[in-house]
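**Student:** So here's model_28.txt (compact mmCIF, N, CA and C atoms).
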```txt
# COMPACT_ATOMS: atom_id res chain seq x y z
N MET A 17 7.55 -7.19 4.25
CA MET A 17 7.23 -6.95 2.87
C MET A 17 8.45 -7.31 2.05
N ASN A 18 8.23 -8.07 1.02
CA ASN A 18 9.29 -8.42 0.07
C ASN A 18 8.97 -7.78 -1.26
N ALA A 19 9.95 -7.13 -1.85
CA ALA A 19 9.79 -6.55 -3.19
C ALA A 19 10.64 -7.39 -4.13
N ARG A 20 10.04 -7.86 -5.21
CA ARG A 20 10.76 -8.68 -6.19
C ARG A 20 11.05 -7.83 -7.41
N HIS A 21 12.31 -7.82 -7.80
CA HIS A 21 12.75 -7.08 -8.98
C HIS A 21 13.21 -8.07 -10.03
N VAL A 22 13.08 -7.68 -11.28
CA VAL A 22 13.54 -8.50 -12.40
C VAL A 22 14.32 -7.61 -13.36
N VAL A 23 15.14 -8.25 -14.18
CA VAL A 23 15.88 -7.51 -15.21
C VAL A 23 15.02 -7.49 -16.46
N ARG A 24 14.75 -6.28 -16.96
CA ARG A 24 13.96 -6.09 -18.17
C ARG A 24 14.67 -5.05 -19.02
N ASP A 25 15.01 -5.44 -20.24
CA ASP A 25 15.72 -4.54 -21.15
C ASP A 25 17.00 -4.01 -20.53
N GLY A 26 17.70 -4.88 -19.79
CA GLY A 26 18.97 -4.50 -19.19
C GLY A 26 18.86 -3.64 -17.94
N ARG A 27 17.64 -3.43 -17.45
CA ARG A 27 17.43 -2.61 -16.25
C ARG A 27 16.72 -3.43 -15.18
N LEU A 28 17.04 -3.15 -13.93
CA LEU A 28 16.38 -3.79 -12.80
C LEU A 28 15.10 -3.02 -12.51
N VAL A 29 13.95 -3.70 -12.62
CA VAL A 29 12.65 -3.04 -12.41
C VAL A 29 11.82 -3.84 -11.41
N LEU A 30 10.94 -3.13 -10.71
CA LEU A 30 10.05 -3.75 -9.74
C LEU A 30 9.04 -4.63 -10.45
N GLU A 31 8.93 -5.86 -10.01
CA GLU A 31 7.96 -6.80 -10.59
C GLU A 31 6.71 -6.88 -9.72
N ASP A 32 6.89 -7.12 -8.41
CA ASP A 32 5.73 -7.20 -7.53
C ASP A 32 6.17 -7.15 -6.07
N PHE A 33 5.17 -7.11 -5.18
CA PHE A 33 5.37 -7.08 -3.74
C PHE A 33 4.67 -8.29 -3.13
N LEU A 34 5.17 -8.73 -1.97
CA LEU A 34 4.50 -9.78 -1.21
C LEU A 34 4.56 -9.38 0.26
N PHE A 35 3.39 -9.15 0.86
CA PHE A 35 3.30 -8.89 2.29
C PHE A 35 3.17 -10.25 2.98
N GLU A 36 3.93 -10.46 4.03
CA GLU A 36 3.79 -11.67 4.83
C GLU A 36 3.70 -11.28 6.29
N MET A 37 2.84 -11.98 7.02
CA MET A 37 2.66 -11.71 8.43
C MET A 37 2.54 -13.05 9.15
N ALA A 38 3.27 -13.20 10.24
CA ALA A 38 3.24 -14.46 10.97
C ALA A 38 2.71 -14.30 12.39
N GLU A 39 2.38 -13.08 12.81
CA GLU A 39 1.84 -12.87 14.16
C GLU A 39 0.39 -13.31 14.20
N GLY A 40 0.06 -14.12 15.18
CA GLY A 40 -1.32 -14.57 15.33
C GLY A 40 -1.67 -15.63 14.30
N ILE A 41 -1.76 -15.25 13.07
CA ILE A 41 -2.11 -16.16 11.99
C ILE A 41 -1.26 -15.82 10.78
N LEU A 42 -0.78 -16.83 10.10
CA LEU A 42 0.02 -16.60 8.91
C LEU A 42 -0.86 -15.98 7.83
N ALA A 43 -0.38 -14.91 7.23
CA ALA A 43 -1.13 -14.25 6.17
C ALA A 43 -0.18 -13.81 5.08
N ARG A 44 -0.65 -13.86 3.87
CA ARG A 44 0.11 -13.39 2.71
C ARG A 44 -0.81 -12.58 1.83
N LEU A 45 -0.23 -11.57 1.22
CA LEU A 45 -0.98 -10.72 0.31
C LEU A 45 -0.05 -10.29 -0.80
N LYS A 46 -0.48 -10.44 -2.03
CA LYS A 46 0.33 -10.03 -3.18
C LYS A 46 -0.43 -8.91 -3.90
N PRO A 47 -0.18 -7.65 -3.48
CA PRO A 47 -0.91 -6.53 -4.08
C PRO A 47 -0.33 -6.12 -5.42
N ASP A 48 -1.11 -5.39 -6.19
CA ASP A 48 -0.59 -4.78 -7.41
C ASP A 48 0.51 -3.80 -7.01
N PRO A 49 1.55 -3.65 -7.83
CA PRO A 49 2.67 -2.77 -7.47
C PRO A 49 2.30 -1.33 -7.15
N TRP A 50 1.22 -0.80 -7.68
CA TRP A 50 0.84 0.59 -7.40
C TRP A 50 0.30 0.77 -5.99
N VAL A 51 -0.13 -0.32 -5.33
CA VAL A 51 -0.74 -0.23 -4.01
C VAL A 51 0.28 0.18 -2.94
N VAL A 52 1.44 -0.42 -2.94
CA VAL A 52 2.40 -0.25 -1.85
C VAL A 52 2.87 1.19 -1.67
N PRO A 53 3.29 1.89 -2.72
CA PRO A 53 3.74 3.28 -2.49
C PRO A 53 2.68 4.15 -1.83
N SER A 54 1.43 3.97 -2.19
CA SER A 54 0.36 4.76 -1.57
C SER A 54 0.18 4.38 -0.11
N LEU A 55 0.17 3.09 0.19
CA LEU A 55 -0.01 2.66 1.57
C LEU A 55 1.16 3.06 2.46
N MET A 56 2.34 3.14 1.89
CA MET A 56 3.51 3.54 2.67
C MET A 56 3.42 5.00 3.10
N GLN A 57 2.57 5.78 2.47
CA GLN A 57 2.38 7.18 2.85
C GLN A 57 1.51 7.32 4.10
N LEU A 58 0.88 6.23 4.51
CA LEU A 58 0.02 6.25 5.70
C LEU A 58 0.89 6.05 6.94
N ASP A 59 1.63 7.09 7.30
CA ASP A 59 2.57 7.01 8.42
C ASP A 59 2.10 7.77 9.65
N GLY A 60 0.85 8.23 9.63
CA GLY A 60 0.30 8.95 10.77
C GLY A 60 0.44 10.46 10.67
N THR A 61 1.10 10.95 9.63
CA THR A 61 1.28 12.39 9.48
C THR A 61 0.22 13.01 8.59
N ARG A 62 -0.46 12.19 7.78
CA ARG A 62 -1.51 12.68 6.88
C ARG A 62 -2.72 11.76 6.98
N SER A 63 -3.87 12.31 6.67
CA SER A 63 -5.10 11.52 6.70
C SER A 63 -5.17 10.62 5.46
N VAL A 64 -6.06 9.64 5.52
CA VAL A 64 -6.28 8.76 4.38
C VAL A 64 -6.71 9.60 3.17
N GLY A 65 -7.56 10.59 3.40
CA GLY A 65 -8.02 11.47 2.32
C GLY A 65 -6.87 12.25 1.70
N GLU A 66 -5.96 12.75 2.52
CA GLU A 66 -4.81 13.50 1.99
C GLU A 66 -3.90 12.60 1.17
N VAL A 67 -3.69 11.38 1.63
CA VAL A 67 -2.86 10.43 0.88
C VAL A 67 -3.52 10.10 -0.45
N PHE A 68 -4.84 9.90 -0.43
CA PHE A 68 -5.57 9.60 -1.66
C PHE A 68 -5.45 10.75 -2.66
N VAL A 69 -5.67 11.96 -2.21
CA VAL A 69 -5.61 13.13 -3.11
C VAL A 69 -4.22 13.26 -3.72
N ALA A 70 -3.18 13.08 -2.91
CA ALA A 70 -1.80 13.18 -3.41
C ALA A 70 -1.50 12.08 -4.42
N ALA A 71 -1.94 10.86 -4.13
CA ALA A 71 -1.71 9.74 -5.04
C ALA A 71 -2.47 9.93 -6.35
N GLN A 72 -3.68 10.44 -6.25
CA GLN A 72 -4.49 10.69 -7.45
C GLN A 72 -3.86 11.80 -8.29
N ALA A 73 -3.40 12.86 -7.64
CA ALA A 73 -2.76 13.98 -8.36
C ALA A 73 -1.48 13.53 -9.02
N GLY A 74 -0.76 12.59 -8.39
CA GLY A 74 0.48 12.08 -8.96
C GLY A 74 0.27 10.95 -9.95
N LYS A 75 -0.99 10.69 -10.27
CA LYS A 75 -1.37 9.61 -11.19
C LYS A 75 -0.80 8.26 -10.76
N ALA A 76 -0.78 8.05 -9.43
CA ALA A 76 -0.25 6.81 -8.86
C ALA A 76 -1.34 5.76 -8.65
N LEU A 77 -2.58 6.09 -8.97
CA LEU A 77 -3.70 5.17 -8.80
C LEU A 77 -4.31 4.85 -10.16
N PRO A 78 -4.97 3.69 -10.29
CA PRO A 78 -5.69 3.41 -11.54
C PRO A 78 -6.73 4.50 -11.79
N ARG A 79 -7.01 4.76 -13.02
CA ARG A 79 -7.89 5.87 -13.43
C ARG A 79 -9.26 5.85 -12.76
N ASP A 80 -9.88 4.70 -12.64
CA ASP A 80 -11.23 4.61 -12.08
C ASP A 80 -11.24 4.25 -10.59
N PHE A 81 -10.11 4.41 -9.90
CA PHE A 81 -10.00 4.05 -8.49
C PHE A 81 -10.31 5.29 -7.66
N GLY A 82 -11.51 5.30 -7.04
CA GLY A 82 -11.97 6.47 -6.32
C GLY A 82 -11.68 6.44 -4.83
N MET A 83 -12.11 7.49 -4.16
CA MET A 83 -11.90 7.62 -2.71
C MET A 83 -12.53 6.46 -1.95
N THR A 84 -13.73 6.04 -2.35
CA THR A 84 -14.39 4.91 -1.68
C THR A 84 -13.56 3.64 -1.84
N ASP A 85 -13.02 3.43 -3.03
CA ASP A 85 -12.17 2.26 -3.27
C ASP A 85 -10.93 2.31 -2.38
N PHE A 86 -10.32 3.50 -2.29
CA PHE A 86 -9.10 3.64 -1.50
C PHE A 86 -9.37 3.43 -0.01
N THR A 87 -10.44 4.01 0.50
CA THR A 87 -10.75 3.83 1.92
C THR A 87 -11.09 2.37 2.22
N HIS A 88 -11.74 1.70 1.28
CA HIS A 88 -12.02 0.27 1.45
C HIS A 88 -10.72 -0.53 1.49
N LEU A 89 -9.79 -0.22 0.59
CA LEU A 89 -8.48 -0.88 0.58
C LEU A 89 -7.77 -0.69 1.92
N VAL A 90 -7.75 0.55 2.42
CA VAL A 90 -7.10 0.84 3.69
C VAL A 90 -7.78 0.07 4.83
N SER A 91 -9.11 0.04 4.84
CA SER A 91 -9.81 -0.65 5.93
C SER A 91 -9.54 -2.15 5.89
N VAL A 92 -9.47 -2.74 4.71
CA VAL A 92 -9.15 -4.17 4.59
C VAL A 92 -7.73 -4.44 5.07
N MET A 93 -6.80 -3.57 4.70
CA MET A 93 -5.40 -3.73 5.14
C MET A 93 -5.29 -3.60 6.66
N LEU A 94 -6.05 -2.70 7.25
CA LEU A 94 -6.07 -2.57 8.71
C LEU A 94 -6.69 -3.81 9.36
N GLU A 95 -7.84 -4.21 8.84
CA GLU A 95 -8.57 -5.35 9.38
C GLU A 95 -7.74 -6.62 9.37
N ARG A 96 -6.96 -6.81 8.33
CA ARG A 96 -6.16 -8.03 8.19
C ARG A 96 -4.78 -7.92 8.82
N GLY A 97 -4.47 -6.76 9.41
CA GLY A 97 -3.21 -6.62 10.12
C GLY A 97 -2.01 -6.21 9.29
N PHE A 98 -2.23 -5.85 8.03
CA PHE A 98 -1.11 -5.43 7.18
C PHE A 98 -0.76 -3.96 7.40
N LEU A 99 -1.67 -3.20 7.99
CA LEU A 99 -1.41 -1.81 8.40
C LEU A 99 -1.68 -1.72 9.89
N ASP A 100 -0.95 -0.83 10.55
CA ASP A 100 -1.11 -0.62 11.98
C ASP A 100 -1.83 0.71 12.21
N ALA A 101 -2.95 0.66 12.91
CA ALA A 101 -3.71 1.89 13.18
C ALA A 101 -2.96 2.83 14.11
N ASP A 102 -1.99 2.33 14.85
CA ASP A 102 -1.21 3.13 15.77
C ASP A 102 0.16 3.41 15.17
N ALA A 103 0.17 4.14 14.05
CA ALA A 103 1.43 4.47 13.38
C ALA A 103 2.32 5.27 14.33
N PRO A 104 3.65 5.14 14.22
CA PRO A 104 4.56 5.79 15.16
C PRO A 104 4.43 7.29 15.25
N HIS A 105 4.00 7.96 14.18
CA HIS A 105 3.92 9.43 14.19
C HIS A 105 2.52 9.95 14.49
N ALA A 106 1.58 9.03 14.74
CA ALA A 106 0.19 9.45 14.98
C ALA A 106 0.11 10.21 16.30
N THR A 107 -0.77 11.23 16.32
CA THR A 107 -0.97 12.01 17.54
C THR A 107 -2.39 11.86 18.03
```
So that I can check it, write out the structure of this file as C-alpha cells.

**Tutor:**
Amino acid sequence: MNARHVVRDGRLVLEDFLFEMAEGILARLKPDPWVVPSLMQLDGTRSVGEVFVAAQAGKALPRDFGMTDFTHLVSVMLERGFLDADAPHAT
C-alpha cells in the first residue's frame, strides 16, 4: 500500500492510497481515503460488524454507507486478494 501526501496550506496532508499486488496477477486499487483506516481495523481481533459500528460511530464512513455496503466492500477486498482472511491475530 502506498499513501500519497501533498502539501496543502503549508501542511502535509493525505491525498490518496494505492494498493498494489503482484502475487499471482498484478492488481491495483485506488480507494477513497476513508476506506483504508476502516479496513486496517480488520486485524482478526474484531468482527466486520464491530469494525463497521466503530467506524460509523466515529463518523469515519460516508453518511449513507450502511452495513451491507461495508460487508460488500470487505468481501470484494477479500475476493481480489487485498485483504487476507487468515489475519495474524485470528483465532

**Student:** Would you mind listing what lies within 9 Å of Leu77 (chain A) as a list in words, with only C-alpha atoms counted and same-chain residues fewer than 3 positions away left out?

**Tutor:**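 Everything that qualifies: Trp50, Val51, Ser54, Phe68, Ala71, Gln72, Ala73, Gly74, Asp80, Phe81 and Gly82 of chain A.
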
**Student:** Would you work out the distance separating CA of Pro49 (chain A) from CA of Ala101 (chain A), expressed in Å to one decimal?

**Tutor:**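 Answer for the CA of Pro49 (chain A) to CA of Ala101 (chain A) separation: 22.1 Å.
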
**Student:** What does the distance between atom C of Val90 (chain A) and atom N of Asn18 (chain A) come to in Å, to one decimal place?

**Tutor:**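 If I compute the distance from atom C of Val90 (chain A) to atom N of Asn18 (chain A), I get 18.4 Å.
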
**Student:** Which residue gives the smallest distance to Lys75 (chain A) among A:Leu28, A:Glu95, A:Pro53, A:Asp100, with only C-alpha atoms counted?

**Tutor:** A:Pro53

**Student:** Which of chain A counts as helix (DSSP H, G or I) under DSSP, as a tab-separated table (two decimals) with N, CA and C atoms, in the coordinates of the input please?

**Tutor:**
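So selection-v1.tsv came out as:
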```tsv
chain	number	residue	atom	x	y	z
A	51	VAL	N	-0.13	-0.32	-5.33
A	51	VAL	CA	-0.74	-0.23	-4.01
A	51	VAL	C	0.28	0.18	-2.94
A	52	VAL	N	1.44	-0.42	-2.94
A	52	VAL	CA	2.40	-0.25	-1.85
A	52	VAL	C	2.87	1.19	-1.67
A	53	PRO	N	3.29	1.89	-2.72
A	53	PRO	CA	3.74	3.28	-2.49
A	53	PRO	C	2.68	4.15	-1.83
A	54	SER	N	1.43	3.97	-2.19
A	54	SER	CA	0.36	4.76	-1.57
A	54	SER	C	0.18	4.38	-0.11
A	55	LEU	N	0.17	3.09	0.19
A	55	LEU	CA	-0.01	2.66	1.57
A	55	LEU	C	1.16	3.06	2.46
A	56	MET	N	2.34	3.14	1.89
A	56	MET	CA	3.51	3.54	2.67
A	56	MET	C	3.42	5.00	3.10
A	64	VAL	N	-6.06	9.64	5.52
A	64	VAL	CA	-6.28	8.76	4.38
A	64	VAL	C	-6.71	9.60	3.17
A	65	GLY	N	-7.56	10.59	3.40
A	65	GLY	CA	-8.02	11.47	2.32
A	65	GLY	C	-6.87	12.25	1.70
A	66	GLU	N	-5.96	12.75	2.52
A	66	GLU	CA	-4.81	13.50	1.99
A	66	GLU	C	-3.90	12.60	1.17
A	67	VAL	N	-3.69	11.38	1.63
A	67	VAL	CA	-2.86	10.43	0.88
A	67	VAL	C	-3.52	10.10	-0.45
A	68	PHE	N	-4.84	9.90	-0.43
A	68	PHE	CA	-5.57	9.60	-1.66
A	68	PHE	C	-5.45	10.75	-2.66
A	69	VAL	N	-5.67	11.96	-2.21
A	69	VAL	CA	-5.61	13.13	-3.11
A	69	VAL	C	-4.22	13.26	-3.72
A	70	ALA	N	-3.18	13.08	-2.91
A	70	ALA	CA	-1.80	13.18	-3.41
A	70	ALA	C	-1.50	12.08	-4.42
A	71	ALA	N	-1.94	10.86	-4.13
A	71	ALA	CA	-1.71	9.74	-5.04
A	71	ALA	C	-2.47	9.93	-6.35
A	72	GLN	N	-3.68	10.44	-6.25
A	72	GLN	CA	-4.49	10.69	-7.45
A	72	GLN	C	-3.86	11.80	-8.29
A	73	ALA	N	-3.40	12.86	-7.64
A	73	ALA	CA	-2.76	13.98	-8.36
A	73	ALA	C	-1.48	13.53	-9.02
A	83	MET	N	-12.11	7.49	-4.16
A	83	MET	CA	-11.90	7.62	-2.71
A	83	MET	C	-12.53	6.46	-1.95
A	84	THR	N	-13.73	6.04	-2.35
A	84	THR	CA	-14.39	4.91	-1.68
A	84	THR	C	-13.56	3.64	-1.84
A	85	ASP	N	-13.02	3.43	-3.03
A	85	ASP	CA	-12.17	2.26	-3.27
A	85	ASP	C	-10.93	2.31	-2.38
A	86	PHE	N	-10.32	3.50	-2.29
A	86	PHE	CA	-9.10	3.64	-1.50
A	86	PHE	C	-9.37	3.43	-0.01
A	87	THR	N	-10.44	4.01	0.50
A	87	THR	CA	-10.75	3.83	1.92
A	87	THR	C	-11.09	2.37	2.22
A	88	HIS	N	-11.74	1.70	1.28
A	88	HIS	CA	-12.02	0.27	1.45
A	88	HIS	C	-10.72	-0.53	1.49
A	89	LEU	N	-9.79	-0.22	0.59
A	89	LEU	CA	-8.48	-0.88	0.58
A	89	LEU	C	-7.77	-0.69	1.92
A	90	VAL	N	-7.75	0.55	2.42
A	90	VAL	CA	-7.10	0.84	3.69
A	90	VAL	C	-7.78	0.07	4.83
A	91	SER	N	-9.11	0.04	4.84
A	91	SER	CA	-9.81	-0.65	5.93
A	91	SER	C	-9.54	-2.15	5.89
A	92	VAL	N	-9.47	-2.74	4.71
A	92	VAL	CA	-9.15	-4.17	4.59
A	92	VAL	C	-7.73	-4.44	5.07
A	93	MET	N	-6.80	-3.57	4.70
A	93	MET	CA	-5.40	-3.73	5.14
A	93	MET	C	-5.29	-3.60	6.66
A	94	LEU	N	-6.05	-2.70	7.25
A	94	LEU	CA	-6.07	-2.57	8.71
A	94	LEU	C	-6.69	-3.81	9.36
A	95	GLU	N	-7.84	-4.21	8.84
A	95	GLU	CA	-8.57	-5.35	9.38
A	95	GLU	C	-7.74	-6.62	9.37
```

**Student:** Quick one, how far is CA of Met93 (chain A) from atom N of Val23 (chain A)?

**Tutor:** 28.6 Å

**Student:** May I have all residues of chain A that DSSP, computed from the backbone, assigns to strand (DSSP E or B), given as a list of chain:residue names?

**Tutor:**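 DSSP on the backbone gives strand (DSSP E or B) at A:Asn18, A:Ala19, A:Arg20, A:His21, A:Val22, A:Val23, A:Arg24, A:Arg27, A:Leu28, A:Val29, A:Leu30, A:Glu31, A:Asp32, A:Phe33, A:Leu34, A:Phe35, A:Glu36, A:Met37, A:Ala43, A:Arg44, A:Leu45.
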
**Student:** Ranking A:Pro78, A:Thr87, A:Val52, A:Pro47 by minimum distance to Glu66 (chain A) and counting only C-alpha atoms, which one comes first?

**Tutor:**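 Among the listed residues, the smallest separation from Glu66 (chain A) belongs to A:Thr87.
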
**Student:** Using only C-alpha atoms, pick whichever of A:His88, A:His21, A:Glu31, A:Met83 has the shortest atom-to-atom distance to Gly65 (chain A).

**Tutor:**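 Closest candidate: A:Met83.
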